[in-house]
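Peer 1: Take a look at final21.pdb, PDB, N, CA and C atoms, pLDDT in the B column:
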ATOM      1  N   MET A 112       0.859  -1.166   0.000  1.00 90.00           N
ATOM      2  CA  MET A 112       0.000   0.000   0.000  1.00 90.00           C
ATOM      3  C   MET A 112       0.904   1.227   0.000  1.00 90.00           C
ATOM      4  N   ASN A 113       0.550   2.180  -0.806  1.00 93.00           N
ATOM      5  CA  ASN A 113       1.362   3.390  -0.862  1.00 93.00           C
ATOM      6  C   ASN A 113       0.675   4.548  -0.141  1.00 93.00           C
ATOM      7  N   ASN A 114       1.365   5.668  -0.041  1.00 93.00           N
ATOM      8  CA  ASN A 114       0.864   6.823   0.695  1.00 93.00           C
ATOM      9  C   ASN A 114      -0.455   7.338   0.111  1.00 93.00           C
ATOM     10  N   ASN A 115      -0.576   7.342  -1.214  1.00 94.00           N
ATOM     11  CA  ASN A 115      -1.784   7.834  -1.860  1.00 94.00           C
ATOM     12  C   ASN A 115      -2.997   6.971  -1.490  1.00 94.00           C
ATOM     13  N   LYS A 116      -2.817   5.660  -1.494  1.00 94.00           N
ATOM     14  CA  LYS A 116      -3.907   4.758  -1.131  1.00 94.00           C
ATOM     15  C   LYS A 116      -4.320   4.948   0.323  1.00 94.00           C
ATOM     16  N   ILE A 117      -3.326   5.118   1.190  1.00 95.00           N
ATOM     17  CA  ILE A 117      -3.626   5.335   2.611  1.00 95.00           C
ATOM     18  C   ILE A 117      -4.413   6.621   2.792  1.00 95.00           C
ATOM     19  N   GLU A 118      -4.025   7.670   2.096  1.00 95.00           N
ATOM     20  CA  GLU A 118      -4.732   8.947   2.196  1.00 95.00           C
ATOM     21  C   GLU A 118      -6.169   8.814   1.686  1.00 95.00           C
ATOM     22  N   GLN A 119      -6.344   8.141   0.555  1.00 95.00           N
ATOM     23  CA  GLN A 119      -7.686   7.937   0.015  1.00 95.00           C
ATOM     24  C   GLN A 119      -8.549   7.132   0.982  1.00 95.00           C
ATOM     25  N   LEU A 120      -7.969   6.095   1.541  1.00 93.00           N
ATOM     26  CA  LEU A 120      -8.702   5.238   2.464  1.00 93.00           C
ATOM     27  C   LEU A 120      -9.109   5.992   3.723  1.00 93.00           C
ATOM     28  N   THR A 121      -8.187   6.734   4.292  1.00 95.00           N
ATOM     29  CA  THR A 121      -8.517   7.470   5.513  1.00 95.00           C
ATOM     30  C   THR A 121      -9.539   8.565   5.235  1.00 95.00           C
ATOM     31  N   ASN A 122      -9.475   9.188   4.062  1.00 95.00           N
ATOM     32  CA  ASN A 122     -10.482  10.188   3.701  1.00 95.00           C
ATOM     33  C   ASN A 122     -11.858   9.543   3.578  1.00 95.00           C
ATOM     34  N   PHE A 123     -11.899   8.361   2.982  1.00 92.00           N
ATOM     35  CA  PHE A 123     -13.158   7.645   2.836  1.00 92.00           C
ATOM     36  C   PHE A 123     -13.738   7.258   4.195  1.00 92.00           C
ATOM     37  N   LEU A 124     -12.882   6.800   5.099  1.00 94.00           N
ATOM     38  CA  LEU A 124     -13.352   6.290   6.387  1.00 94.00           C
ATOM     39  C   LEU A 124     -13.722   7.392   7.376  1.00 94.00           C
ATOM     40  N   ASP A 125     -13.279   8.604   7.116  1.00 96.00           N
ATOM     41  CA  ASP A 125     -13.564   9.721   8.026  1.00 96.00           C
ATOM     42  C   ASP A 125     -15.075   9.919   8.152  1.00 96.00           C
ATOM     43  N   GLY A 126     -15.589   9.735   9.345  1.00 96.00           N
ATOM     44  CA  GLY A 126     -17.001   9.949   9.615  1.00 96.00           C
ATOM     45  C   GLY A 126     -17.900   8.746   9.375  1.00 96.00           C
ATOM     46  N   ILE A 127     -17.339   7.634   8.940  1.00 96.00           N
ATOM     47  CA  ILE A 127     -18.160   6.444   8.692  1.00 96.00           C
ATOM     48  C   ILE A 127     -18.571   5.833  10.037  1.00 96.00           C
ATOM     49  N   ASN A 128     -19.815   5.380  10.110  1.00 97.00           N
ATOM     50  CA  ASN A 128     -20.236   4.748  11.358  1.00 97.00           C
ATOM     51  C   ASN A 128     -20.074   3.230  11.244  1.00 97.00           C
ATOM     52  N   GLN A 129     -20.282   2.534  12.344  1.00 97.00           N
ATOM     53  CA  GLN A 129     -20.024   1.095  12.366  1.00 97.00           C
ATOM     54  C   GLN A 129     -20.930   0.336  11.409  1.00 97.00           C
ATOM     55  N   SER A 130     -22.173   0.728  11.312  1.00 97.00           N
ATOM     56  CA  SER A 130     -23.098   0.056  10.407  1.00 97.00           C
ATOM     57  C   SER A 130     -22.638   0.191   8.952  1.00 97.00           C
ATOM     58  N   GLU A 131     -22.235   1.382   8.575  1.00 97.00           N
ATOM     59  CA  GLU A 131     -21.731   1.602   7.222  1.00 97.00           C
ATOM     60  C   GLU A 131     -20.458   0.796   6.978  1.00 97.00           C
ATOM     61  N   TRP A 132     -19.559   0.824   7.978  1.00 96.00           N
ATOM     62  CA  TRP A 132     -18.310   0.064   7.850  1.00 96.00           C
ATOM     63  C   TRP A 132     -18.580  -1.426   7.655  1.00 96.00           C
ATOM     64  N   ASN A 133     -19.500  -1.968   8.451  1.00 97.00           N
ATOM     65  CA  ASN A 133     -19.820  -3.389   8.344  1.00 97.00           C
ATOM     66  C   ASN A 133     -20.351  -3.736   6.959  1.00 97.00           C
ATOM     67  N   ARG A 134     -21.145  -2.855   6.382  1.00 97.00           N
ATOM     68  CA  ARG A 134     -21.694  -3.098   5.048  1.00 97.00           C
ATOM     69  C   ARG A 134     -20.600  -3.029   3.986  1.00 97.00           C
ATOM     70  N   VAL A 135     -19.710  -2.048   4.100  1.00 95.00           N
ATOM     71  CA  VAL A 135     -18.589  -1.935   3.165  1.00 95.00           C
ATOM     72  C   VAL A 135     -17.697  -3.160   3.284  1.00 95.00           C
ATOM     73  N   LYS A 136     -17.326  -3.507   4.511  1.00 96.00           N
ATOM     74  CA  LYS A 136     -16.445  -4.647   4.762  1.00 96.00           C
ATOM     75  C   LYS A 136     -17.046  -5.941   4.230  1.00 96.00           C
ATOM     76  N   GLN A 137     -18.314  -6.142   4.460  1.00 97.00           N
ATOM     77  CA  GLN A 137     -18.978  -7.356   3.993  1.00 97.00           C
ATOM     78  C   GLN A 137     -18.889  -7.465   2.472  1.00 97.00           C
ATOM     79  N   ASN A 138     -19.123  -6.387   1.774  1.00 96.00           N
ATOM     80  CA  ASN A 138     -19.077  -6.426   0.314  1.00 96.00           C
ATOM     81  C   ASN A 138     -17.659  -6.623  -0.212  1.00 96.00           C
ATOM     82  N   VAL A 139     -16.679  -6.005   0.425  1.00 95.00           N
ATOM     83  CA  VAL A 139     -15.290  -6.209   0.025  1.00 95.00           C
ATOM     84  C   VAL A 139     -14.887  -7.660   0.278  1.00 95.00           C
ATOM     85  N   ASP A 140     -15.243  -8.205   1.431  1.00 96.00           N
ATOM     86  CA  ASP A 140     -14.930  -9.600   1.745  1.00 96.00           C
ATOM     87  C   ASP A 140     -15.563 -10.557   0.741  1.00 96.00           C
ATOM     88  N   ILE A 141     -16.794 -10.283   0.341  1.00 95.00           N
ATOM     89  CA  ILE A 141     -17.478 -11.142  -0.638  1.00 95.00           C
ATOM     90  C   ILE A 141     -16.730 -11.133  -1.967  1.00 95.00           C
ATOM     91  N   LEU A 142     -16.320  -9.947  -2.412  1.00 94.00           N
ATOM     92  CA  LEU A 142     -15.606  -9.858  -3.687  1.00 94.00           C
ATOM     93  C   LEU A 142     -14.262 -10.576  -3.637  1.00 94.00           C
ATOM     94  N   PHE A 143     -13.513 -10.386  -2.536  1.00 94.00           N
ATOM     95  CA  PHE A 143     -12.236 -11.074  -2.409  1.00 94.00           C
ATOM     96  C   PHE A 143     -12.432 -12.585  -2.339  1.00 94.00           C
ATOM     97  N   SER A 144     -13.453 -13.027  -1.622  1.00 95.00           N
ATOM     98  CA  SER A 144     -13.717 -14.463  -1.503  1.00 95.00           C
ATOM     99  C   SER A 144     -14.066 -15.073  -2.851  1.00 95.00           C
ATOM    100  N   SER A 145     -14.837 -14.362  -3.644  1.00 94.00           N
ATOM    101  CA  SER A 145     -15.210 -14.909  -4.943  1.00 94.00           C
ATOM    102  C   SER A 145     -13.998 -15.003  -5.866  1.00 94.00           C
ATOM    103  N   LYS A 146     -13.082 -14.054  -5.758  1.00 93.00           N
ATOM    104  CA  LYS A 146     -11.851 -14.108  -6.556  1.00 93.00           C
ATOM    105  C   LYS A 146     -10.961 -15.248  -6.060  1.00 93.00           C
ATOM    106  N   ALA A 147     -10.851 -15.392  -4.745  1.00 91.00           N
ATOM    107  CA  ALA A 147      -9.991 -16.434  -4.174  1.00 91.00           C
ATOM    108  C   ALA A 147     -10.510 -17.821  -4.513  1.00 91.00           C
ATOM    109  N   ALA A 148     -11.816 -17.962  -4.662  1.00 88.00           N
ATOM    110  CA  ALA A 148     -12.402 -19.268  -4.981  1.00 88.00           C
ATOM    111  C   ALA A 148     -11.961 -19.749  -6.357  1.00 88.00           C
ATOM    112  N   LYS A 149     -11.513 -18.839  -7.202  1.00 92.00           N
ATOM    113  CA  LYS A 149     -11.103 -19.192  -8.558  1.00 92.00           C
ATOM    114  C   LYS A 149      -9.624 -19.559  -8.647  1.00 92.00           C
ATOM    115  N   VAL A 150      -8.884 -19.359  -7.561  1.00 91.00           N
ATOM    116  CA  VAL A 150      -7.459 -19.665  -7.551  1.00 91.00           C
ATOM    117  C   VAL A 150      -7.281 -21.171  -7.403  1.00 91.00           C
ATOM    118  N   GLU A 151      -6.399 -21.731  -8.204  1.00 91.00           N
ATOM    119  CA  GLU A 151      -6.143 -23.163  -8.152  1.00 91.00           C
ATOM    120  C   GLU A 151      -4.722 -23.431  -7.674  1.00 91.00           C
ATOM    121  N   PHE A 152      -4.567 -24.491  -6.906  1.00 90.00           N
ATOM    122  CA  PHE A 152      -3.266 -24.922  -6.427  1.00 90.00           C
ATOM    123  C   PHE A 152      -2.506 -25.525  -7.593  1.00 90.00           C
ATOM    124  N   ASP A 153      -1.274 -25.037  -7.829  1.00 93.00           N
ATOM    125  CA  ASP A 153      -0.567 -25.503  -9.025  1.00 93.00           C
ATOM    126  C   ASP A 153       0.927 -25.735  -8.838  1.00 93.00           C
ATOM    127  N   ASP A 154       1.395 -25.825  -7.598  1.00 94.00           N
ATOM    128  CA  ASP A 154       2.835 -26.014  -7.406  1.00 94.00           C
ATOM    129  C   ASP A 154       3.097 -27.020  -6.295  1.00 94.00           C
ATOM    130  N   SER A 155       2.824 -28.290  -6.590  1.00 94.00           N
ATOM    131  CA  SER A 155       2.997 -29.334  -5.579  1.00 94.00           C
ATOM    132  C   SER A 155       4.466 -29.546  -5.219  1.00 94.00           C
ATOM    133  N   GLU A 156       5.364 -29.284  -6.166  1.00 94.00           N
ATOM    134  CA  GLU A 156       6.792 -29.436  -5.866  1.00 94.00           C
ATOM    135  C   GLU A 156       7.238 -28.416  -4.816  1.00 94.00           C
ATOM    136  N   LEU A 157       6.787 -27.188  -4.947  1.00 95.00           N
ATOM    137  CA  LEU A 157       7.136 -26.158  -3.967  1.00 95.00           C
ATOM    138  C   LEU A 157       6.518 -26.484  -2.609  1.00 95.00           C
ATOM    139  N   LEU A 158       5.268 -26.951  -2.609  1.00 93.00           N
ATOM    140  CA  LEU A 158       4.626 -27.334  -1.355  1.00 93.00           C
ATOM    141  C   LEU A 158       5.405 -28.454  -0.683  1.00 93.00           C
ATOM    142  N   GLN A 159       5.806 -29.449  -1.462  1.00 94.00           N
ATOM    143  CA  GLN A 159       6.563 -30.568  -0.905  1.00 94.00           C
ATOM    144  C   GLN A 159       7.869 -30.068  -0.285  1.00 94.00           C
ATOM    145  N   ALA A 160       8.579 -29.205  -0.976  1.00 94.00           N
ATOM    146  CA  ALA A 160       9.837 -28.663  -0.449  1.00 94.00           C
ATOM    147  C   ALA A 160       9.591 -27.863   0.827  1.00 94.00           C
ATOM    148  N   ASN A 161       8.544 -27.052   0.826  1.00 95.00           N
ATOM    149  CA  ASN A 161       8.229 -26.243   2.012  1.00 95.00           C
ATOM    150  C   ASN A 161       7.852 -27.113   3.205  1.00 95.00           C
ATOM    151  N   LEU A 162       7.056 -28.160   2.952  1.00 94.00           N
ATOM    152  CA  LEU A 162       6.655 -29.048   4.046  1.00 94.00           C
ATOM    153  C   LEU A 162       7.848 -29.811   4.608  1.00 94.00           C
ATOM    154  N   LYS A 163       8.733 -30.258   3.729  1.00 95.00           N
ATOM    155  CA  LYS A 163       9.936 -30.941   4.207  1.00 95.00           C
ATOM    156  C   LYS A 163      10.789 -30.008   5.061  1.00 95.00           C
ATOM    157  N   GLN A 164      10.883 -28.760   4.643  1.00 95.00           N
ATOM    158  CA  GLN A 164      11.626 -27.783   5.439  1.00 95.00           C
ATOM    159  C   GLN A 164      10.927 -27.514   6.763  1.00 95.00           C
ATOM    160  N   GLU A 165       9.624 -27.359   6.723  1.00 95.00           N
ATOM    161  CA  GLU A 165       8.835 -27.079   7.926  1.00 95.00           C
ATOM    162  C   GLU A 165       8.984 -28.198   8.966  1.00 95.00           C
ATOM    163  N   PHE A 166       8.945 -29.454   8.491  1.00 95.00           N
ATOM    164  CA  PHE A 166       9.008 -30.599   9.377  1.00 95.00           C
ATOM    165  C   PHE A 166      10.424 -31.159   9.509  1.00 95.00           C
ATOM    166  N   ARG A 167      11.390 -30.430   8.981  1.00 95.00           N
ATOM    167  CA  ARG A 167      12.819 -30.785   9.068  1.00 95.00           C
ATOM    168  C   ARG A 167      13.073 -32.207   8.594  1.00 95.00           C
ATOM    169  N   ILE A 168      12.596 -32.487   7.386  1.00 94.00           N
ATOM    170  CA  ILE A 168      12.770 -33.794   6.753  1.00 94.00           C
ATOM    171  C   ILE A 168      13.716 -33.598   5.568  1.00 94.00           C
ATOM    172  N   ASP A 169      14.692 -34.480   5.461  1.00 81.00           N
ATOM    173  CA  ASP A 169      15.641 -34.386   4.336  1.00 81.00           C
ATOM    174  C   ASP A 169      15.103 -35.004   3.091  1.00 81.00           C
TER     175      ASP A 169
END
Could you rewrite the structure in this file as structure tokens?
Peer 2:
Amino acid sequence: MNNNKIEQLTNFLDGINQSEWNRVKQNVDILFSSKAAKVEFDDSELLQANLKQEFRID
């Protein structure tokens, strides 16, 4: 996030009440969730390497 985005965000949030925030947050979460649902796992080799490192397996 850059300074411009932070400024825009804080300007938007200035004066927002909790009910409005909850509605905004809910809609943003829905959009992100729908995008994330389309992501597919595609790197089993990297996962295997990471898990071996995590569990200290050679």
Peer 1: Check chain A with DSSP on the backbone and list each residue it calls alpha helix (DSSP H), as a PyMOL selection string.
Peer 2: chain A and resi 114-124+129-147+155-165
Peer 1: Atom N of Thr121 in chain A and CA of Asn133 in chain A, how far apart in Å?
Peer 2: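 Value for the CA of Asn133 in chain A-atom N of Thr121 in chain A distance: 15.9 Å.
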Peer 1: Please list as a PyMOL selection string every residue within 12 Å of Gln159 in chain A, counting only C-alpha atoms and excluding residues in the same chain fewer than 6 positions away.
Peer 2: chain A and resi 153+165-169
Peer 1: Selection from above, N, CA and C atoms, as a short mmCIF file (atom, residue, chain, number, x, y, z; two decimals), in the frame of the given file, can you write it?
Peer 2:
data_model
loop_
_atom_site.label_atom_id
_atom_site.label_comp_id
_atom_site.auth_asym_id
_atom_site.auth_seq_id
_atom_site.Cartn_x
_atom_site.Cartn_y
_atom_site.Cartn_z
N ASP A 153 -1.27 -25.04 -7.83
CA ASP A 153 -0.57 -25.50 -9.02
C ASP A 153 0.93 -25.74 -8.84
N GLU A 165 9.62 -27.36 6.72
CA GLU A 165 8.84 -27.08 7.93
C GLU A 165 8.98 -28.20 8.97
N PHE A 166 8.94 -29.45 8.49
CA PHE A 166 9.01 -30.60 9.38
C PHE A 166 10.42 -31.16 9.51
N ARG A 167 11.39 -30.43 8.98
CA ARG A 167 12.82 -30.78 9.07
C ARG A 167 13.07 -32.21 8.59
N ILE A 168 12.60 -32.49 7.39
CA ILE A 168 12.77 -33.79 6.75
C ILE A 168 13.72 -33.60 5.57
N ASP A 169 14.69 -34.48 5.46
CA ASP A 169 15.64 -34.39 4.34
C ASP A 169 15.10 -35.00 3.09
#
Peer 1: Quick check, in Å to one decimal: how far apart do CA of Glu131 in chain A and atom N of Gln119 in chain A lie?
Peer 2: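 About the pair CA of Glu131 in chain A and atom N of Gln119 in chain A: they are 18.0 Å apart.
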Peer 1: Work out how far apart atom C of Gly126 in chain A and CA of Phe143 in chain A are and give it in Å to one decimal.
Peer 2: 23.7 Å
